[in-house]
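Reproduced below: start24.cif, with mmCIF, C-alpha atoms and all ligand atoms.
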data_model
#
loop_
_atom_site.label_atom_id
_atom_site.label_comp_id
_atom_site.auth_asym_id
_atom_site.auth_seq_id
_atom_site.Cartn_x
_atom_site.Cartn_y
_atom_site.Cartn_z
CA MET S 1 16.61 -11.02 20.94
CA ARG S 2 14.33 -11.01 17.96
CA PRO S 3 14.74 -13.57 15.19
CA SER S 4 16.79 -12.52 12.19
CA LEU S 5 15.06 -11.75 8.92
CA PRO S 6 13.89 -14.75 6.93
CA SER S 7 15.44 -15.42 3.55
CA PRO S 8 13.18 -14.70 0.57
CA PRO S 9 11.17 -17.80 -0.26
CA ALA S 10 12.66 -20.05 -2.94
CA SER S 11 9.37 -19.69 -4.81
CA GLN S 12 9.78 -15.91 -5.08
CA PRO S 13 8.74 -14.91 -8.61
CA ALA S 14 11.54 -14.29 -11.12
CA GLY S 15 12.37 -10.61 -11.44
CA LEU S 16 11.59 -9.80 -7.83
CA GLU S 17 14.47 -8.82 -5.63
CA ARG S 18 14.60 -8.19 -1.94
CA LEU S 19 15.87 -4.62 -1.73
CA CYS S 20 15.55 -3.52 1.83
CA ALA S 21 15.62 -5.51 4.99
CA ARG S 22 15.93 -3.58 8.20
CA GLN S 23 16.68 -5.36 11.43
CA ALA S 24 14.07 -4.42 13.99
CA ALA S 25 16.00 -6.30 16.65
CA GLY S 26 16.44 -4.34 19.81
CA TYR S 27 14.74 -1.07 18.87
CA GLY S 28 11.45 -2.10 20.42
CA TYR S 29 9.00 -2.15 17.58
CA ASP S 30 7.08 -5.09 16.39
CA HIS S 31 7.79 -5.70 12.77
CA GLN S 32 10.52 -6.02 10.23
CA VAL S 33 10.42 -4.32 6.87
CA VAL S 34 11.09 -6.33 3.76
CA ILE S 35 10.45 -4.65 0.45
CA SER S 36 10.46 -6.45 -2.88
CA VAL S 37 10.16 -4.52 -6.11
CA ILE S 38 10.52 -5.39 -9.76
CA ARG S 39 13.82 -4.65 -11.49
CA PRO S 40 14.85 -2.30 -13.03
CA ALA S 41 15.13 0.50 -10.47
CA ALA S 42 11.89 2.14 -9.40
CA ALA S 43 10.75 5.34 -11.07
CA ALA S 44 9.49 6.76 -7.79
CA VAL S 45 10.18 5.76 -4.20
CA THR S 46 8.12 6.91 -1.21
CA VAL S 47 9.47 6.70 2.32
CA THR S 48 7.96 7.73 5.64
CA ALA S 49 10.00 8.86 8.65
CA PRO S 50 8.83 9.57 12.20
CA ALA S 51 8.93 12.48 14.62
CA LYS S 52 10.86 11.86 17.84
CA ILE S 53 10.21 12.64 21.47
CA ASN S 54 13.07 12.71 23.99
CA LEU S 55 12.04 10.68 27.05
CA GLN S 56 15.22 11.89 28.74
CA LEU S 57 17.43 14.73 27.54
CA ALA S 58 20.45 15.33 29.76
CA VAL S 59 22.65 18.13 28.45
CA GLY S 60 26.30 18.69 29.39
CA PRO S 61 28.33 21.86 28.89
CA ALA S 62 29.18 23.06 25.37
CA ARG S 63 32.12 21.15 23.83
CA ALA S 64 35.07 22.70 22.01
CA ASP S 65 33.27 22.11 18.68
CA GLY S 66 30.25 24.10 19.89
CA TYR S 67 27.97 21.08 20.30
CA HIS S 68 26.71 20.04 23.72
CA GLY S 69 27.55 16.54 24.89
CA LEU S 70 24.35 14.80 25.83
CA VAL S 71 22.61 11.61 26.78
CA THR S 72 19.12 11.18 25.47
CA VAL S 73 16.45 8.52 25.17
CA PHE S 74 14.88 8.91 21.74
CA HIS S 75 11.40 7.55 21.10
CA ALA S 76 9.90 7.51 17.58
CA VAL S 77 6.18 8.24 17.35
CA SER S 78 3.52 7.76 14.70
CA LEU S 79 3.57 11.32 13.39
CA LEU S 80 5.16 10.81 9.99
CA ASP S 81 6.51 12.93 7.16
CA GLU S 82 6.41 11.35 3.71
CA VAL S 83 9.07 11.87 1.08
CA THR S 84 8.79 10.78 -2.57
CA VAL S 85 11.81 10.91 -4.89
CA ARG S 86 12.01 10.59 -8.68
CA SER S 87 14.96 10.83 -11.03
CA ALA S 88 15.13 14.23 -12.73
CA PRO S 89 17.65 16.31 -14.70
CA HIS S 90 18.05 18.72 -11.76
CA THR S 91 17.40 18.51 -8.04
CA SER S 92 14.26 20.27 -6.82
CA ILE S 93 12.03 20.23 -3.76
CA THR S 94 8.31 20.74 -3.27
CA VAL S 95 6.71 20.79 0.16
CA THR S 96 3.01 20.37 0.99
CA GLY S 97 1.25 20.40 4.34
CA GLU S 98 0.22 22.93 6.97
CA ASP S 99 3.73 24.23 7.74
CA ALA S 100 4.96 24.08 4.12
CA ALA S 101 5.59 27.82 3.95
CA LEU S 102 8.12 27.52 6.81
CA VAL S 103 10.29 24.98 5.02
CA PRO S 104 13.12 26.09 2.70
CA VAL S 105 12.95 24.59 -0.80
CA GLY S 106 16.59 25.12 -1.79
CA GLU S 107 19.96 23.74 -0.80
CA SER S 108 19.41 24.52 2.89
CA ASN S 109 16.65 21.91 3.05
CA LEU S 110 18.04 18.87 4.85
CA ALA S 111 16.40 16.59 2.29
CA TRP S 112 18.33 18.31 -0.51
CA GLN S 113 21.55 17.95 1.51
CA ALA S 114 20.80 14.26 2.09
CA ALA S 115 20.32 13.57 -1.63
CA THR S 116 23.49 15.49 -2.51
CA ALA S 117 25.57 13.75 0.18
CA LEU S 118 24.38 10.30 -0.89
CA ALA S 119 25.02 11.01 -4.57
CA ALA S 120 28.56 12.16 -3.78
CA ALA S 121 29.30 9.20 -1.49
CA ALA S 122 27.97 6.68 -3.99
CA GLY S 123 29.56 8.23 -7.05
CA VAL S 124 26.29 9.14 -8.73
CA ALA S 125 27.10 12.85 -8.49
CA GLY S 126 25.37 14.77 -11.22
CA ALA S 127 22.19 12.74 -10.78
CA GLY S 128 19.28 15.06 -10.10
CA VAL S 129 16.29 14.09 -8.04
CA GLN S 130 12.84 15.54 -7.64
CA ILE S 131 11.94 15.49 -3.93
CA ALA S 132 8.34 15.88 -2.80
CA ILE S 133 7.89 16.28 0.96
CA ARG S 134 4.48 15.81 2.52
CA LYS S 135 4.88 17.50 5.88
CA ARG S 136 2.89 16.42 8.91
CA ILE S 137 5.56 17.06 11.54
CA PRO S 138 5.37 20.72 12.62
CA VAL S 139 8.47 22.78 11.80
CA ALA S 140 10.93 24.00 14.48
CA ALA S 141 8.86 22.11 17.02
CA GLY S 142 11.47 19.99 18.83
CA LEU S 143 10.26 16.89 16.95
CA ALA S 144 13.20 16.62 14.50
CA GLY S 145 11.03 16.98 11.39
CA GLY S 146 13.90 18.16 9.19
CA SER S 147 15.97 15.20 10.36
CA ALA S 148 13.09 12.86 9.52
CA ASP S 149 13.00 14.27 5.98
CA ALA S 150 16.77 13.85 5.64
CA ALA S 151 16.55 10.22 6.79
CA ALA S 152 13.61 9.53 4.47
CA THR S 153 15.48 11.06 1.53
CA LEU S 154 18.61 9.01 2.24
CA VAL S 155 16.59 5.79 2.28
CA ALA S 156 14.50 6.77 -0.78
CA CYS S 157 17.48 7.81 -2.92
CA ASN S 158 19.36 4.71 -1.83
CA GLU S 159 16.50 2.64 -3.26
CA LEU S 160 16.28 4.77 -6.39
CA TRP S 161 19.99 4.59 -7.18
CA ARG S 162 20.78 1.15 -5.73
CA THR S 163 23.99 2.58 -4.31
CA GLY S 164 25.12 -0.58 -2.55
CA LEU S 165 26.41 1.46 0.40
CA SER S 166 26.63 -0.50 3.65
CA GLN S 167 24.46 0.25 6.68
CA ARG S 168 27.53 1.69 8.37
CA GLU S 169 28.24 4.04 5.46
CA MET S 170 24.60 5.14 5.48
CA ALA S 171 24.78 5.75 9.24
CA GLU S 172 27.91 7.88 8.78
CA LEU S 173 26.20 9.93 6.09
CA ALA S 174 23.20 10.38 8.40
CA ALA S 175 25.38 11.60 11.28
CA GLY S 176 27.06 14.11 8.97
CA LEU S 177 23.68 15.60 8.09
CA GLY S 178 22.52 16.18 11.68
CA SER S 179 22.59 14.82 15.21
CA ASP S 180 19.02 13.43 15.05
CA VAL S 181 19.23 11.92 11.55
CA PRO S 182 20.75 8.55 12.59
CA PHE S 183 17.85 8.00 15.00
CA ALA S 184 15.28 8.93 12.33
CA MET S 185 16.82 6.12 10.22
CA VAL S 186 16.33 3.42 12.88
CA GLY S 187 13.37 4.64 14.98
CA GLY S 188 12.06 2.60 17.90
CA THR S 189 13.43 3.62 21.29
CA ALA S 190 17.17 4.22 21.54
CA VAL S 191 19.80 5.85 23.70
CA GLY S 192 21.75 8.63 21.97
CA ARG S 193 25.15 9.81 23.18
CA GLY S 194 27.76 12.21 21.85
CA ARG S 195 25.62 14.92 20.27
CA GLY S 196 22.85 12.32 19.87
CA GLU S 197 24.29 10.51 16.87
CA LEU S 198 25.86 7.56 18.73
CA LEU S 199 22.98 5.13 19.17
CA THR S 200 22.34 2.00 21.16
CA PRO S 201 18.96 0.27 21.24
CA ALA S 202 16.95 0.68 24.45
CA LEU S 203 15.13 -2.30 25.91
CA ALA S 204 11.64 -0.83 25.91
CA VAL S 205 8.52 -2.97 26.23
CA GLY S 206 5.00 -2.12 25.12
CA LYS S 207 3.23 0.65 23.29
CA TYR S 208 3.00 4.20 24.62
CA HIS S 209 0.17 6.62 23.85
CA TRP S 210 0.82 10.34 23.57
CA ALA S 211 -1.04 13.60 23.16
CA LEU S 212 1.08 16.31 21.53
CA ALA S 213 0.40 20.03 21.94
CA PHE S 214 1.95 22.26 19.28
CA GLY S 215 3.10 25.77 20.22
CA GLN S 216 1.97 29.00 18.59
CA ALA S 217 5.44 29.63 17.08
CA GLY S 218 8.57 27.54 16.56
CA LEU S 219 11.73 27.69 18.67
CA SER S 220 15.26 27.76 17.27
CA THR S 221 17.23 24.82 18.66
CA ALA S 222 20.44 26.89 18.74
CA GLN S 223 18.74 29.67 20.71
CA VAL S 224 17.26 27.21 23.21
CA TYR S 225 20.73 25.73 23.88
CA ALA S 226 22.18 29.25 24.23
CA THR S 227 19.43 30.15 26.71
CA CYS S 228 20.11 26.93 28.64
CA ASP S 229 23.80 27.91 28.92
CA ARG S 230 22.88 31.43 30.05
CA LEU S 231 20.41 30.24 32.68
CA ARG S 232 23.02 27.82 34.04
CA ALA S 233 25.70 30.52 34.13
CA ASN S 234 23.35 32.92 35.94
CA ARG S 235 22.46 30.24 38.46
CA ALA S 236 26.10 29.35 39.08
CA ALA S 237 27.00 33.07 39.47
CA ALA S 238 24.25 33.38 42.07
CA GLY S 239 25.70 30.35 43.88
CA GLY S 240 22.48 28.51 43.14
CA GLY S 241 23.45 25.16 41.74
CA PRO S 242 26.11 22.74 40.60
CA GLU S 243 27.75 22.91 37.18
CA PRO S 244 26.25 20.44 34.71
CA ALA S 245 28.14 17.14 34.65
CA ALA S 246 30.70 17.02 31.83
CA GLN S 247 29.37 13.54 31.03
CA PRO S 248 25.61 13.54 31.56
CA GLU S 249 24.23 10.22 32.81
CA LEU S 250 21.55 7.96 31.49
CA SER S 251 18.61 7.65 33.89
CA THR S 252 18.71 4.09 35.24
CA PRO S 253 15.20 4.38 36.77
CA LEU S 254 13.80 5.46 33.38
CA MET S 255 15.45 2.52 31.63
CA ALA S 256 14.01 0.13 34.24
CA ALA S 257 10.55 1.69 33.81
CA LEU S 258 10.78 1.26 30.03
CA ARG S 259 11.68 -2.39 30.51
CA SER S 260 8.59 -2.82 32.71
CA GLY S 261 6.32 -1.57 29.91
CA ASP S 262 4.24 0.36 32.46
CA PRO S 263 3.51 3.94 31.35
CA ALA S 264 2.56 4.85 34.93
CA LYS S 265 6.18 4.15 35.90
CA VAL S 266 7.63 5.92 32.84
CA GLY S 267 5.53 9.11 33.13
CA PRO S 268 7.06 10.62 36.31
CA LEU S 269 10.59 9.85 35.06
CA LEU S 270 10.43 11.89 31.83
CA SER S 271 13.04 14.65 32.00
CA ASN S 272 14.46 17.38 29.80
CA ASP S 273 17.34 19.70 30.73
CA LEU S 274 16.25 22.10 27.96
CA GLN S 275 12.78 22.55 29.43
CA PRO S 276 13.62 25.56 31.68
CA ALA S 277 15.12 27.35 28.67
CA ALA S 278 12.13 26.58 26.44
CA LEU S 279 9.74 27.73 29.20
CA SER S 280 11.67 30.96 29.68
CA MET S 281 11.40 31.67 25.93
CA GLN S 282 7.72 30.70 25.70
CA PRO S 283 6.20 31.06 29.20
CA GLU S 284 2.76 30.07 27.87
CA LEU S 285 4.03 26.48 27.60
CA ARG S 286 3.64 26.23 31.39
CA ARG S 287 -0.10 26.48 30.94
CA ALA S 288 -0.16 23.74 28.31
CA LEU S 289 1.85 21.45 30.61
CA ALA S 290 -0.49 22.19 33.53
CA GLU S 291 -3.60 21.57 31.39
CA GLY S 292 -2.28 18.20 30.27
CA ARG S 293 -1.50 17.17 33.85
CA ASP S 294 -4.97 18.34 34.95
CA HIS S 295 -6.45 16.06 32.30
CA GLY S 296 -4.68 13.08 33.83
CA ALA S 297 -1.43 12.80 31.87
CA LEU S 298 1.02 10.36 33.53
CA GLY S 299 3.88 12.59 32.44
CA ALA S 300 4.12 16.01 30.78
CA ILE S 301 7.26 17.33 29.15
CA VAL S 302 8.60 19.72 26.55
CA SER S 303 9.91 17.65 23.63
CA GLY S 304 13.58 18.33 22.87
CA SER S 305 14.13 22.04 22.30
CA GLY S 306 10.37 22.60 22.18
CA PRO S 307 7.90 24.13 21.94
CA THR S 308 5.89 20.91 21.44
CA CYS S 309 4.66 19.49 24.76
CA ALA S 310 4.26 15.72 24.98
CA PHE S 311 1.80 14.07 27.37
CA LEU S 312 2.03 10.38 28.19
CA ALA S 313 -1.35 8.69 28.62
CA LYS S 314 -2.31 5.33 30.13
CA SER S 315 -4.29 4.37 27.00
CA ALA S 316 -5.25 5.54 23.52
CA ALA S 317 -8.62 6.65 24.91
CA GLN S 318 -6.99 8.77 27.59
CA ALA S 319 -4.62 10.32 25.01
CA ARG S 320 -7.75 11.37 23.10
CA ASP S 321 -9.28 12.86 26.27
CA ILE S 322 -6.09 14.83 26.97
CA ALA S 323 -6.00 16.08 23.38
CA VAL S 324 -9.65 17.17 23.60
CA GLY S 325 -8.98 18.91 26.92
CA LEU S 326 -5.95 20.74 25.53
CA THR S 327 -7.92 21.84 22.47
CA SER S 328 -10.79 23.27 24.49
CA SER S 329 -8.40 24.99 26.92
CA GLY S 330 -6.89 27.03 24.07
CA ALA S 331 -3.44 26.49 25.62
CA CYS S 332 -1.85 25.50 22.31
CA ARG S 333 -2.12 26.05 18.55
CA ALA S 334 -3.10 22.49 17.68
CA VAL S 335 -2.99 18.97 19.07
CA ALA S 336 -2.28 15.49 17.73
CA ARG S 337 -2.30 11.97 19.08
CA ALA S 338 0.50 9.53 18.43
CA SER S 339 1.85 6.24 19.68
CA GLY S 340 5.33 4.82 19.90
CA PRO S 341 7.68 3.26 19.35
CA VAL S 342 7.44 3.06 15.56
CA PRO S 343 10.11 2.14 12.99
CA GLY S 344 12.43 4.68 11.43
CA ALA S 345 12.56 5.63 7.74
CA SER S 346 10.61 2.95 5.84
CA VAL S 347 9.90 2.43 2.16
CA ILE S 348 6.13 2.36 1.68
CA ARG S 349 5.99 2.47 -2.15
CA ALA S 350 8.45 1.79 -4.93
CA GLY S 351 6.90 2.05 -8.39
CA ALA S 352 8.44 0.55 -11.50
CA PRO S 353 9.27 2.91 -14.36
CA SER S 354 6.43 3.35 -16.86
P1 LIG S 401 16.34 20.62 15.13
O1 LIG S 401 16.25 19.42 14.23
O2 LIG S 401 17.29 21.69 14.65
O3 LIG S 401 16.48 20.27 16.57
P2 LIG S 401 13.48 20.95 15.22
O4 LIG S 401 13.30 19.51 15.28
O5 LIG S 401 12.94 21.74 16.34
O6 LIG S 401 14.98 21.36 15.01
P3 LIG S 401 12.87 21.17 12.38
O7 LIG S 401 11.44 20.95 12.01
O8 LIG S 401 13.85 20.12 12.03
O9 LIG S 401 12.89 21.54 13.91
O10 LIG S 401 13.28 22.57 11.72
C1 LIG S 401 14.39 23.34 12.09
C2 LIG S 401 14.74 24.29 10.95
O11 LIG S 401 15.34 23.49 9.92
C3 LIG S 401 13.56 24.95 10.29
O12 LIG S 401 13.31 26.21 10.84
C4 LIG S 401 13.93 25.04 8.81
O13 LIG S 401 14.42 26.33 8.47
C5 LIG S 401 15.09 24.08 8.64
N1 LIG S 401 14.80 22.96 7.71
C6 LIG S 401 15.63 22.48 6.78
N2 LIG S 401 15.10 21.43 6.14
C7 LIG S 401 13.90 21.22 6.68
C8 LIG S 401 12.88 20.25 6.44
N3 LIG S 401 12.99 19.31 5.49
N4 LIG S 401 11.78 20.32 7.21
C9 LIG S 401 11.68 21.25 8.17
N5 LIG S 401 12.60 22.20 8.41
C10 LIG S 401 13.71 22.18 7.68
#

Now, as a test, write the supplied structure out as structure tokens.
Ligand code: ATP
Amino acid sequence: MRPSLPSPPASQPAGLERLCARQAAGYGYDHQVVISVIRPAAAAVTVTAPAKINLQLAVGPARADGYHGLVTVFHAVSLLDEVTVRSAPHTSITVTGEDAALVPVGESNLAWQAATALAAAAGVAGAGVQIAIRKRIPVAAGLAGGSADAAATLVACNELWRTGLSQREMAELAAGLGSDVPFAMVGGTAVGRGRGELLTPALAVGKYHWALAFGQAGLSTAQVYATCDRLRANRAAAGGGPEPAAQPELSTPLMAALRSGDPAKVGPLLSNDLQPAALSMQPELRRALAEGRDHGALGAIVSGSGPTCAFLAKSAAQARDIAVGLTSSGACRAVARASGPVPGASVIRAGAPS
């Protein structure tokens, strides 16, 4: 158990107020975030939020509500989107970064929905907000970039408006926005159940180094799940396999490996029930996975619904070697290196009004 957050020092200068204190306890990262800014409310708030990798993704059959019940081990990595919010007469969104053209800038953007949902819940409806998203997480890549932006916007607008909502109310808002949004709020390493929104911290030790290979085109999460269902139905019709368990199970060996802090133990235990579907939709991903393994990756897996492939390395240097090897092989569009676990949505700047 980590120590609880310290109280602000008695000598804290007048006019400074502790605004945000997020318990890091249990989520496996190494620091706590305490932000102090000068009253009155900031004119602009900037928040980062991380991409996620699923170390395990066990998918059950579709539920009556259309979602699939699942058990997953989320792991937040140091590939971060950045969201800045400012008060404005009307809500608007701008997006910069390589994949900016793929991101909607209207009401369908999850960041817009997050700001609107928070304003309604906190009774500041009618308040506009200018949202600037700096995108580094590739779009439709299985890395939950839209969810990261939603989480970042919730945290940023909460700072801007000083809503006073409890952590529980914020978590409920996050779950209403999307299955991966609650995890993007907390980060670290965590077990997700339900449709992924019911979180418990995972006891993970150490730092993990990754090479990420981005696919040529995105994959629709809904289509990957539909393909997964179809492949399973075909296999069952051919008498070739058991039905998926109604309640998928957490991998005990993976949890033990994460507690050991040894990436060599974690690597072979990475698993993803959506991988066969993603590979059937983008067969070229097989080559990327093989290239990464050939360059010494301890584990190679499609992240979530794909098409990003994640390669676990034994060190930062080996992650670089894998990334270089993947680049020269031409097996993917682009590569990145990242490490995890990292915290979820975190305020990095809060500027006083001018
Ligand atoms: P999912 O979160 O559905 O599993 P993903 O992680 O693979 O998907 P995202 O990058 O979240 O992929 O994008 C999925 C779709 O969400 C995009 O094609 C885009 O149309 C839409 N979208 C809405 N808001 C955003 C946002 N802020 N950033 C990226 N995509 C967004």

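With all atoms listed in the file as the atoms that count, the minimum distance from Gly194 in chain S to the choices S:Gly351, S:Gly330, S:Pro248, S:Pro263 is reached by S:Pro248.
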
Margin query: Please determine, counting all atoms listed in the file, which residue among S:Ala246, S:Leu173, S:Leu143, S:Val103 has the shortest atom-to-atom distance to Thr221 in chain S.
Written below: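 Closest to Thr221 in chain S, using all atoms listed in the file: S:Leu143.
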
Determine, for each residue of chain S having at least one atom at most 8 Å from an atom of ligand LIG 401 (chain S), the closest pair of atoms and their separation in Å to one decimal, counting all atoms listed in the file; order by chain and ascending number, as CSV.
residue,atom,partner,partner_atom,distance
S:Leu102,CA,S:LIG401,O13,6.6
S:Val103,CA,S:LIG401,N5,5.0
S:Pro104,CA,S:LIG401,O13,5.9
S:Val105,CA,S:LIG401,N2,7.9
S:Ser108,CA,S:LIG401,C6,5.8
S:Asn109,CA,S:LIG401,N2,3.5
S:Leu110,CA,S:LIG401,N2,4.1
S:Ala111,CA,S:LIG401,N3,5.4
S:Ile133,CA,S:LIG401,N3,7.5
S:Lys135,CA,S:LIG401,N4,7.6
S:Ile137,CA,S:LIG401,O7,7.1
S:Pro138,CA,S:LIG401,O7,6.1
S:Val139,CA,S:LIG401,O7,3.5
S:Ala140,CA,S:LIG401,O9,3.2
S:Ala141,CA,S:LIG401,O5,4.2
S:Gly142,CA,S:LIG401,O5,3.4
S:Leu143,CA,S:LIG401,O4,4.3
S:Ala144,CA,S:LIG401,O4,3.0
S:Gly145,CA,S:LIG401,O7,4.0
S:Gly146,CA,S:LIG401,O8,3.5
S:Ser147,CA,S:LIG401,O8,5.6
S:Ala148,CA,S:LIG401,N3,7.6
S:Asp149,CA,S:LIG401,N3,5.1
S:Ala150,CA,S:LIG401,N3,6.6
S:Gly178,CA,S:LIG401,O1,7.5
S:Ser179,CA,S:LIG401,O1,7.9
S:Asp180,CA,S:LIG401,O1,6.7
S:Gly218,CA,S:LIG401,O5,7.3
S:Leu219,CA,S:LIG401,O5,6.5
S:Ser220,CA,S:LIG401,O5,6.5
S:Thr221,CA,S:LIG401,O3,5.1
S:Ala222,CA,S:LIG401,O2,7.3
S:Gly304,CA,S:LIG401,O3,7.2
S:Ser305,CA,S:LIG401,O5,6.1
S:Gly306,CA,S:LIG401,O5,6.4
S:Pro307,CA,S:LIG401,O5,7.9

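In terms of minimum interatomic distance to Arg287 in chain S, S:Val302 ranks closest within S:Phe74, S:Ala127, S:Cys228, S:Val302, counting all atoms listed in the file.
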
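CA of Gly267 in chain S is positioned 9.0 Å from CA of Leu55 in chain S.
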
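Going from CA of Pro268 in chain S to CA of Ile322 in chain S covers 16.7 Å.
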